[in-house]
Amino acid sequence: MKEKKLFESLYVRSLIEASRDPLIAININGKITDMNKAMTIITGVSRKKLTGTNFFKYFTDQKKAKKVYVQVFDKGFVIDYPLTIKDHKLTDVLFNGSVYKDEKGNVLGAVVVARDITEQNLIAKSLNEAIIFAEMATEIAEEAKSKAESATKIAEEAMKAKQQFLSNMSHEIRTPMNAIIGFTKVLLKTDLTEKQIEYLHAIKLSGDALIVLINDILDLAKVDAGKMTFEQIPFKMSLSISAMLHLFEIKIQEKNLLLFKDYDENIPDVLIGDPVRLHQIILNLISNAVKFTNHGKITVSVHLISEDDDSASVEFTVSDTGIGIPREKLGKIFENFQQSNSETTRLYGGTGLGLAIAKHLVEAQGGTIGVKSQLNEGSIFSFNLNFLKTDLKAEIEIDQIEISSDIKNIKVLAVEDISINQLLMKTILDDFGFDFDVAENGKVAIEKMQSCKYDIVLMDLQMPIMNGFEATEHIRKIMLSEIPIIAITADVTTIDLERCKTVGMNDHIAKPIDEKLLYTKIIGLIKKSSELNTPEKKQKQIKKVKPPPCINLDYLTQRTKGNPVLMKEMITLFLKQTPSLVSSMKKSMEKKDWKTMQAAAHKMIPSFAIMGIDPEIEKTVKQIKEFATNKENHKELIEMVKKVENVCTKACAELKKNTLMKEVKK
Ligand code: ADP
C-alpha cells in the first residue's frame with residue numbers, strides 16, 4: 001500500500017515535471033510552495049530560491065499578478081489570465097488554475113499553470129501587421145487606380161478636344177476652300193485666255209493639295225483615336241480600279257510616262273469591302289509612283305492569291321521605274337512624317353503622311369503592306385487584303401452612271417446656310433440640268449418639303465436654327481418620309497458620319513464637292529429609290545417583308561383573363577371611339593381649338609397600351625396633348641396628328657380583321 005502510494009506520487013510528479021509550461025503551487029498567502037522544472041528554467045531561479053517567495057514577484061506587472069492570486073482564491077479558479085514573466089525575454093503567458101482542498105474542504109492552496117503564448121502573440125502581431133500592410137497596400141493601389149483613372153480621363157478629354165479642334169479647323173478651312181475650288185472650276189468652264197487657264201489650274205492644284213493635307217491630318221487623328229471605321233458594302237473591284245486609274249491619265253501624259261494595268265480576271269466580280277478606303281490606299285501608292293518617277297512606266301497589278309467559298313484574298317501591287325528609296329530608309333517610310341530624303345519636300349512636295357495612313361488602313365483591315373526598292377531603278381509597293389464574296393449586286397459605281405432616260409426632271413432641295421456655298425451649289429446643280437430650291441436651314445427645308453415634292457435632299461450639317469441632323473431626324477421620324485438625303489459634310493470626323501447614318505441619311509459627300517461624285521450619288525440614290533417604288537417592286541417588298549402588326553392583344557387577353565366577351569367589348573369600344581377622337585383631333589387642330597384637341601388626346605392615350613400599339617404612338621399623342629396645352633408649334637403638330645391617324649386607321653383595320661372579332665360576331 002505504501003509502495004503504491006509512493007509510486008502514484010512519483011508518477012504525478014513526473015507528469016508535472018514533464019510539462020513544458022511553468023506550473024506553480026501557492027498557498028493562501030500567495031507564497032510559492034512547489035513548482036516544476038519549467039518554472040525554474042523560465043525564471044532562471046532555483047527551486048530552493050523560489051520556494052517561499054511571493055508568487056507575484058516573478059511577473060512584470062506585480063499588481064496584476066496579485067489579482068490572479070486574489071481571483072483564484074476568491075472564485076476557486078482562474079482562466080486564461082494574461083501576464084508577462086519577468087525573465088530575460090519577457091515571456092507572455094496565460095494563467096489557468098484552481099484551488100486545492102484538504103479532505104474537509106478547506107482550501108490549502110492553488111495550482112496555476114502558465115501557458116507560454118509568445119509565439120501565438122508573435123503570429124497575431126505579424127498577422128496584424130500584415131493586415132495593416134494589406135490595408136495600406138489597398139489604399140495605395142486605390143490611390144494609384146484613381147490617379148490612373150483621372151489620367152485616362154484627362155487623356156480622353158485631350159483626345160476629344162483634339163478631335164473637336166480638328167473638326168472645327170477642317171470646317172473652317174473647308175468652307176472657304178470649297179468656294180475657292182468650286183468657283184475655280186466654274187471659272188474654268190468660261191471663255192478664258194490660255195494664261196488665265198494656266199493660273200486657274202495653279203489655284204485649283206494648290207487647293208486640291210491643301211484638301212489632301214487636311215484629309216490626311218484628319219485621318220491620322222482618327223487613327224490615333226482608334227475611330228477609323230470601315231464600311232462593308234458590295235462593290236465591283238475591276239470598275240473601282242479602272243475609275244481610279246482614269247484619275248491619273250492627265251498627270252501620266254503630262255510626265256510622259258506609261259501606265260499599265262494588269263488585272264486578274266479570276267477575281268470575283270463583286271466583293272464586299274470598303275471601296276472608298278481601298279481607293280485611298282491605292283491612290284496614295286499611285287500618286288507617289290507618279291510623283292517619284294520621271295521616266296518609264298507605272299504598273300498597277302491586282303491578283304487573286306487565294307479563294308474559298310466565302311472569301312477571296314487579293315494582292316495589289318504598284319511598281320514604278322522612279323528614283324527608288326535608299327535601303328536604310330525602307331523601314332522608315334511607313335512612319336508618320338517620314339520621307340526618304342530631306343530634299344523630298346522641296347523637290348517633290350508632300351508631308352510624309354500618306355504611307356503611314358495607307359499602312360494603318362491596310363493593317364486595320366487585317367492585311368499587310370510592304371515595299372521593295374532599288375535606288376535609281378524603281379520601287380514596288382504591294383499590299384494584300386481579304387474580301388468577303390457575295391451574290392449581291394454592287395452599289396452604284398463611279399463612272400458607271402449615265403443620265404438614264406427614265407430619270408428626268410430631277411428636283412433637288414439644297415439645304416445650306418452660307419450664301420457663297422448656296423451660290424456654288426446653284427451653279428453645280430444648274431450645270432447638272434436639275435431643278436432645285438435652296439433652304440437656308442433645316443426648318444425652312446421642312447417647310448419647303450411640306451409644300452413641294454422633291455426627289456432628293458442635299459443637307460448641310462452645321463446650320464443655325466435647325467441643323468442637318470435634327471432636320472433629317474424630323475423628316476424620317478415625324479414626316480415618315482423616305483426621300484433620299486445626302487449629307488454635305490465639311491467635318492469628316494467619324495463621329496459625324498456615324499450620326500449621319502443614325503439619323504437616317506443615305507449617303508454623304510465631303511466639301512469641297514467633287515461634282516462628278518455628287519452627280520453619281522444623286523443619280524444613284526434616285527435610281528435606287530425609284531426602283532424600290534415601282535409597283536412590282538413595291539408588291540415584292542410587301543410580299544417579302546410583311547409589315548409587323550400594329551396591334552398586339554397579349555395584354556388585353558391577360559387583363560381580361562382571355563374572356564372573349566370582355567375582350568370584344570373593349571375592342572368594340574376602341575373601334576367606336578378612336579375614329580371620332582382622331583377626327584375631333586384633326587378638326588380642332590384646324591380651328592386651333594386647343595381645349596378640344598387636348599381633351600381628344602387625353603381620352604385616346606390609355607387605349608394604345610390596351611391594344612398593344614407601339615408605345616412610340618402613345619408618346620406622340622402625349623406630345624400632341626402637351627403642344628395643345630401650350631398652344632404651340634403648329635407645323636410639327638400636323639405631322640404628329642397625321643402619324644397618329646395613320647396608326648389608328650391601321651390598328652382599326654387590323655382589329656376588324658381579327659379572328660376573335662369574327663368568332664365573337666358569330
Ligand atoms: P509624301 O509622299 O507626302 O512625302 P508618303 O508617306 O506617301 O509621304 O511617302 C513617304 C516617303 O517615301 C516619300 O517622301 C518618299 O521619300 C518615299 N516614297 C514613297 N513612295 C515612293 C516611290 N514610289 N518612289 C520613291 N520614293 C517613294
# chains A, B, ... in the order shown; residues from 1 in each chain; ligands from 1

call {"tool": "select_by_dssp", "arguments": {"residues": "stretch 66-281 of chain A", "states": "helix (DSSP H, G or I)", "output": "PyMOL selection string"}}
result
chain A and resi 66-75+118-188+194-224+237-247+249-254+275-281

call {"tool": "residues_around", "arguments": {"residues": "A:Gly370", "least_positions_apart": "3", "cutoff": "12 Å", "atoms": "only C-alpha atoms", "output": "list in words"}}
result
Leu285, Glu315, Phe316, Thr317, Val318, Ser319, Leu330, Gly331, Lys332, Ile333, Phe334, Leu355, Ala356, Ala358, Lys359, Val362, Glu363, Gly367, Ser373, Ser379, Ile380, Phe381, Ser382, Phe383 and Asn384 of chain A

call {"tool": "closest_residue", "arguments": {"among": "A:Leu353, A:Ile233, A:Leu245, A:Ala609", "to": "ligand 1", "atoms": "only C-alpha atoms and all ligand atoms"}}
result
A:Leu353

call {"tool": "residues_around", "arguments": {"residues": "A:Lys511", "least_positions_apart": "4", "cutoff": "8 Å", "atoms": "only C-alpha atoms", "output": "list in words"}}
result
Arg174, Thr175, Asn178, Ile488, Thr489 and Ala490 of chain A

call {"tool": "atom_distance", "arguments": {"atom1": "atom CA of A:Ser167", "atom2": "atom CA of A:Asp496"}}
result
9.4 Å

call {"tool": "residues_around", "arguments": {"residues": "A:Gly97", "least_positions_apart": "3", "cutoff": "7 Å", "atoms": "only C-alpha atoms", "output": "ChimeraX atom specification"}}
result
/A:77-79,110-113

call {"tool": "write_last_selection", "arguments": {"atoms": "N, CA and C atoms", "output": "short mmCIF file (atom, residue, chain, number, x, y, z; two decimals), in the first residue's frame"}}
result
data_model
loop_
_atom_site.label_atom_id
_atom_site.label_comp_id
_atom_site.auth_asym_id
_atom_site.auth_seq_id
_atom_site.Cartn_x
_atom_site.Cartn_y
_atom_site.Cartn_z
N PHE A 77 -11.06 29.46 -9.05
CA PHE A 77 -10.35 29.12 -10.31
C PHE A 77 -9.99 30.42 -11.05
N VAL A 78 -9.12 30.30 -12.04
CA VAL A 78 -8.80 31.42 -12.93
C VAL A 78 -8.58 30.85 -14.34
N ILE A 79 -9.10 31.57 -15.31
CA ILE A 79 -8.98 31.05 -16.70
C ILE A 79 -8.32 32.10 -17.60
N ALA A 110 -3.33 26.84 -4.16
CA ALA A 110 -3.79 26.81 -5.55
C ALA A 110 -2.67 26.32 -6.46
N VAL A 111 -3.09 25.65 -7.54
CA VAL A 111 -2.10 25.24 -8.54
C VAL A 111 -2.39 26.04 -9.82
N VAL A 112 -1.38 26.75 -10.29
CA VAL A 112 -1.59 27.52 -11.53
C VAL A 112 -0.57 27.11 -12.60
N VAL A 113 -1.07 27.04 -13.83
CA VAL A 113 -0.20 26.70 -14.97
C VAL A 113 -0.11 27.94 -15.86
#

call {"tool": "residues_around", "arguments": {"residues": "A:Ser583", "least_positions_apart": "4", "cutoff": "12 Å", "atoms": "only C-alpha atoms", "output": "ChimeraX atom specification"}}
result
/A:577-579,587-590,596-597,600-601,604,641-642,644-646,648-649

call {"tool": "residues_around", "arguments": {"residues": "A:Lys48", "least_positions_apart": "5", "cutoff": "12 Å", "atoms": "only C-alpha atoms", "output": "PDB file with N, CA and C atoms, in the first residue's frame"}}
result
ATOM      1  N   ILE A  32       4.996  30.765  -2.891  1.00  0.00           N
ATOM      2  CA  ILE A  32       5.196  29.562  -3.711  1.00  0.00           C
ATOM      3  C   ILE A  32       5.565  28.397  -2.798  1.00  0.00           C
ATOM      4  N   THR A  33       4.821  27.299  -2.994  1.00  0.00           N
ATOM      5  CA  THR A  33       5.126  26.124  -2.173  1.00  0.00           C
ATOM      6  C   THR A  33       5.769  25.028  -3.013  1.00  0.00           C
ATOM      7  N   ASP A  34       5.491  25.030  -4.301  1.00  0.00           N
ATOM      8  CA  ASP A  34       6.068  23.998  -5.177  1.00  0.00           C
ATOM      9  C   ASP A  34       6.081  24.533  -6.626  1.00  0.00           C
ATOM     10  N   MET A  35       6.887  23.914  -7.473  1.00  0.00           N
ATOM     11  CA  MET A  35       6.932  24.336  -8.886  1.00  0.00           C
ATOM     12  C   MET A  35       7.540  23.193  -9.701  1.00  0.00           C
ATOM     13  N   ASN A  36       7.405  23.277 -11.007  1.00  0.00           N
ATOM     14  CA  ASN A  36       8.080  22.261 -11.839  1.00  0.00           C
ATOM     15  C   ASN A  36       9.355  22.864 -12.434  1.00  0.00           C
ATOM     16  N   LYS A  37      10.040  22.011 -13.201  1.00  0.00           N
ATOM     17  CA  LYS A  37      11.332  22.423 -13.754  1.00  0.00           C
ATOM     18  C   LYS A  37      11.173  23.608 -14.729  1.00  0.00           C
ATOM     19  N   THR A  40      11.480  26.857 -13.112  1.00  0.00           N
ATOM     20  CA  THR A  40      12.855  27.257 -12.755  1.00  0.00           C
ATOM     21  C   THR A  40      13.608  27.702 -14.004  1.00  0.00           C
ATOM     22  N   THR A  53       8.875  32.235  -1.694  1.00  0.00           N
ATOM     23  CA  THR A  53       8.818  33.651  -2.130  1.00  0.00           C
ATOM     24  C   THR A  53       7.412  33.978  -2.643  1.00  0.00           C
TER      25      THR A  53
END

call {"tool": "residues_around", "arguments": {"residues": "A:Leu257", "least_positions_apart": "4", "cutoff": "10 Å", "atoms": "only C-alpha atoms", "output": "list in words"}}
result
Glu249, Lys251, Ile252, Gln253, Val290, Thr293, Asn294, His295, Gly296, Lys297, Ile298, Asp320 and Thr321 of chain A

call {"tool": "select_by_dssp", "arguments": {"residues": "stretch 312-529 of chain A", "states": "strand (DSSP E or B)", "output": "VMD selection string"}}
result
chain A and resid 312 to 320 368 to 374 378 to 389 411 to 415 435 to 439 456 to 460 485 to 489 507 to 510

call {"tool": "closest_residue", "arguments": {"among": "A:Lys86, A:Lys162, A:Arg47, A:Lys291", "to": "ligand 1", "atoms": "only C-alpha atoms and all ligand atoms"}}
result
A:Lys291

call {"tool": "atom_distance", "arguments": {"atom1": "atom CA of A:Phe292", "atom2": "atom CA of A:Leu375"}}
result
11.5 Å

call {"tool": "closest_residue", "arguments": {"among": "A:Ala209, A:Ile42, A:Val107, A:Ala289", "to": "ligand 1", "atoms": "only C-alpha atoms and all ligand atoms"}}
result
A:Ala289

call {"tool": "atom_distance", "arguments": {"atom1": "atom CA of A:Leu83", "atom2": "atom CA of A:Ile28"}}
result
19.8 Å

call {"tool": "decode", "arguments": {"residues": "stretch 203-273 of chain A", "atoms": "C-alpha atoms", "output": "PDB file, in the first residue's frame"}}
result
ATOM      1  CA  ILE A 203      -5.062  77.787-107.967  1.00  0.00           C
ATOM      2  CA  LYS A 204      -7.003  74.555-108.264  1.00  0.00           C
ATOM      3  CA  LEU A 205      -3.888  72.413-107.815  1.00  0.00           C
ATOM      4  CA  SER A 206      -2.933  74.266-104.650  1.00  0.00           C
ATOM      5  CA  GLY A 207      -6.470  73.986-103.345  1.00  0.00           C
ATOM      6  CA  ASP A 208      -6.559  70.271-104.050  1.00  0.00           C
ATOM      7  CA  ALA A 209      -3.198  69.794-102.305  1.00  0.00           C
ATOM      8  CA  LEU A 210      -4.481  71.652 -99.261  1.00  0.00           C
ATOM      9  CA  ILE A 211      -7.577  69.487 -99.076  1.00  0.00           C
ATOM     10  CA  VAL A 212      -5.451  66.325 -99.324  1.00  0.00           C
ATOM     11  CA  LEU A 213      -3.375  67.607 -96.439  1.00  0.00           C
ATOM     12  CA  ILE A 214      -6.437  68.323 -94.301  1.00  0.00           C
ATOM     13  CA  ASN A 215      -7.816  64.889 -95.073  1.00  0.00           C
ATOM     14  CA  ASP A 216      -4.510  63.257 -94.137  1.00  0.00           C
ATOM     15  CA  ILE A 217      -4.318  65.090 -90.823  1.00  0.00           C
ATOM     16  CA  LEU A 218      -7.910  64.218 -90.008  1.00  0.00           C
ATOM     17  CA  ASP A 219      -7.320  60.579 -90.926  1.00  0.00           C
ATOM     18  CA  LEU A 220      -4.279  60.470 -88.715  1.00  0.00           C
ATOM     19  CA  ALA A 221      -6.296  61.895 -85.824  1.00  0.00           C
ATOM     20  CA  LYS A 222      -8.932  59.230 -86.409  1.00  0.00           C
ATOM     21  CA  VAL A 223      -6.293  56.502 -86.388  1.00  0.00           C
ATOM     22  CA  ASP A 224      -4.829  57.934 -83.173  1.00  0.00           C
ATOM     23  CA  ALA A 225      -8.228  57.977 -81.535  1.00  0.00           C
ATOM     24  CA  GLY A 226      -8.984  54.447 -82.747  1.00  0.00           C
ATOM     25  CA  LYS A 227     -12.013  55.857 -84.539  1.00  0.00           C
ATOM     26  CA  MET A 228     -11.233  54.698 -88.063  1.00  0.00           C
ATOM     27  CA  THR A 229     -14.242  52.778 -89.330  1.00  0.00           C
ATOM     28  CA  PHE A 230     -14.674  50.638 -92.425  1.00  0.00           C
ATOM     29  CA  GLU A 231     -17.752  50.043 -94.498  1.00  0.00           C
ATOM     30  CA  GLN A 232     -18.735  46.590 -95.684  1.00  0.00           C
ATOM     31  CA  ILE A 233     -20.576  47.095 -98.962  1.00  0.00           C
ATOM     32  CA  PRO A 234     -20.706  45.141-102.221  1.00  0.00           C
ATOM     33  CA  PHE A 235     -18.590  46.734-104.946  1.00  0.00           C
ATOM     34  CA  LYS A 236     -17.090  45.867-108.320  1.00  0.00           C
ATOM     35  CA  MET A 237     -13.348  45.654-107.906  1.00  0.00           C
ATOM     36  CA  SER A 238     -12.463  45.947-111.608  1.00  0.00           C
ATOM     37  CA  LEU A 239     -14.594  49.102-112.057  1.00  0.00           C
ATOM     38  CA  SER A 240     -13.189  50.565-108.903  1.00  0.00           C
ATOM     39  CA  ILE A 241      -9.601  50.104-110.145  1.00  0.00           C
ATOM     40  CA  SER A 242     -10.282  51.450-113.656  1.00  0.00           C
ATOM     41  CA  ALA A 243     -12.063  54.508-112.244  1.00  0.00           C
ATOM     42  CA  MET A 244      -9.043  55.214-110.123  1.00  0.00           C
ATOM     43  CA  LEU A 245      -6.587  54.847-112.966  1.00  0.00           C
ATOM     44  CA  HIS A 246      -8.624  57.331-115.012  1.00  0.00           C
ATOM     45  CA  LEU A 247      -7.814  59.959-112.427  1.00  0.00           C
ATOM     46  CA  PHE A 248      -4.107  59.725-113.282  1.00  0.00           C
ATOM     47  CA  GLU A 249      -4.395  59.796-117.046  1.00  0.00           C
ATOM     48  CA  ILE A 250      -3.656  63.503-117.453  1.00  0.00           C
ATOM     49  CA  LYS A 251      -0.813  63.515-114.943  1.00  0.00           C
ATOM     50  CA  ILE A 252       0.762  60.453-116.598  1.00  0.00           C
ATOM     51  CA  GLN A 253       0.527  62.099-120.014  1.00  0.00           C
ATOM     52  CA  GLU A 254       1.969  65.310-118.658  1.00  0.00           C
ATOM     53  CA  LYS A 255       5.010  63.460-117.314  1.00  0.00           C
ATOM     54  CA  ASN A 256       5.309  61.375-120.447  1.00  0.00           C
ATOM     55  CA  LEU A 257       5.041  58.138-118.515  1.00  0.00           C
ATOM     56  CA  LEU A 258       3.265  54.885-119.350  1.00  0.00           C
ATOM     57  CA  LEU A 259       0.583  53.343-117.195  1.00  0.00           C
ATOM     58  CA  PHE A 260      -0.151  49.612-117.311  1.00  0.00           C
ATOM     59  CA  LYS A 261      -2.977  47.763-115.713  1.00  0.00           C
ATOM     60  CA  ASP A 262      -2.650  44.061-115.010  1.00  0.00           C
ATOM     61  CA  TYR A 263      -5.964  42.839-113.658  1.00  0.00           C
ATOM     62  CA  ASP A 264      -6.585  39.183-112.813  1.00  0.00           C
ATOM     63  CA  GLU A 265      -9.933  38.190-114.332  1.00  0.00           C
ATOM     64  CA  ASN A 266     -10.294  35.378-111.788  1.00  0.00           C
ATOM     65  CA  ILE A 267     -11.093  37.900-109.110  1.00  0.00           C
ATOM     66  CA  PRO A 268     -14.807  37.556-108.237  1.00  0.00           C
ATOM     67  CA  ASP A 269     -16.872  40.269-109.893  1.00  0.00           C
ATOM     68  CA  VAL A 270     -18.494  41.700-106.772  1.00  0.00           C
ATOM     69  CA  LEU A 271     -16.766  41.667-103.398  1.00  0.00           C
ATOM     70  CA  ILE A 272     -17.693  43.069-100.011  1.00  0.00           C
ATOM     71  CA  GLY A 273     -15.381  45.659 -98.518  1.00  0.00           C
TER      72      GLY A 273
END
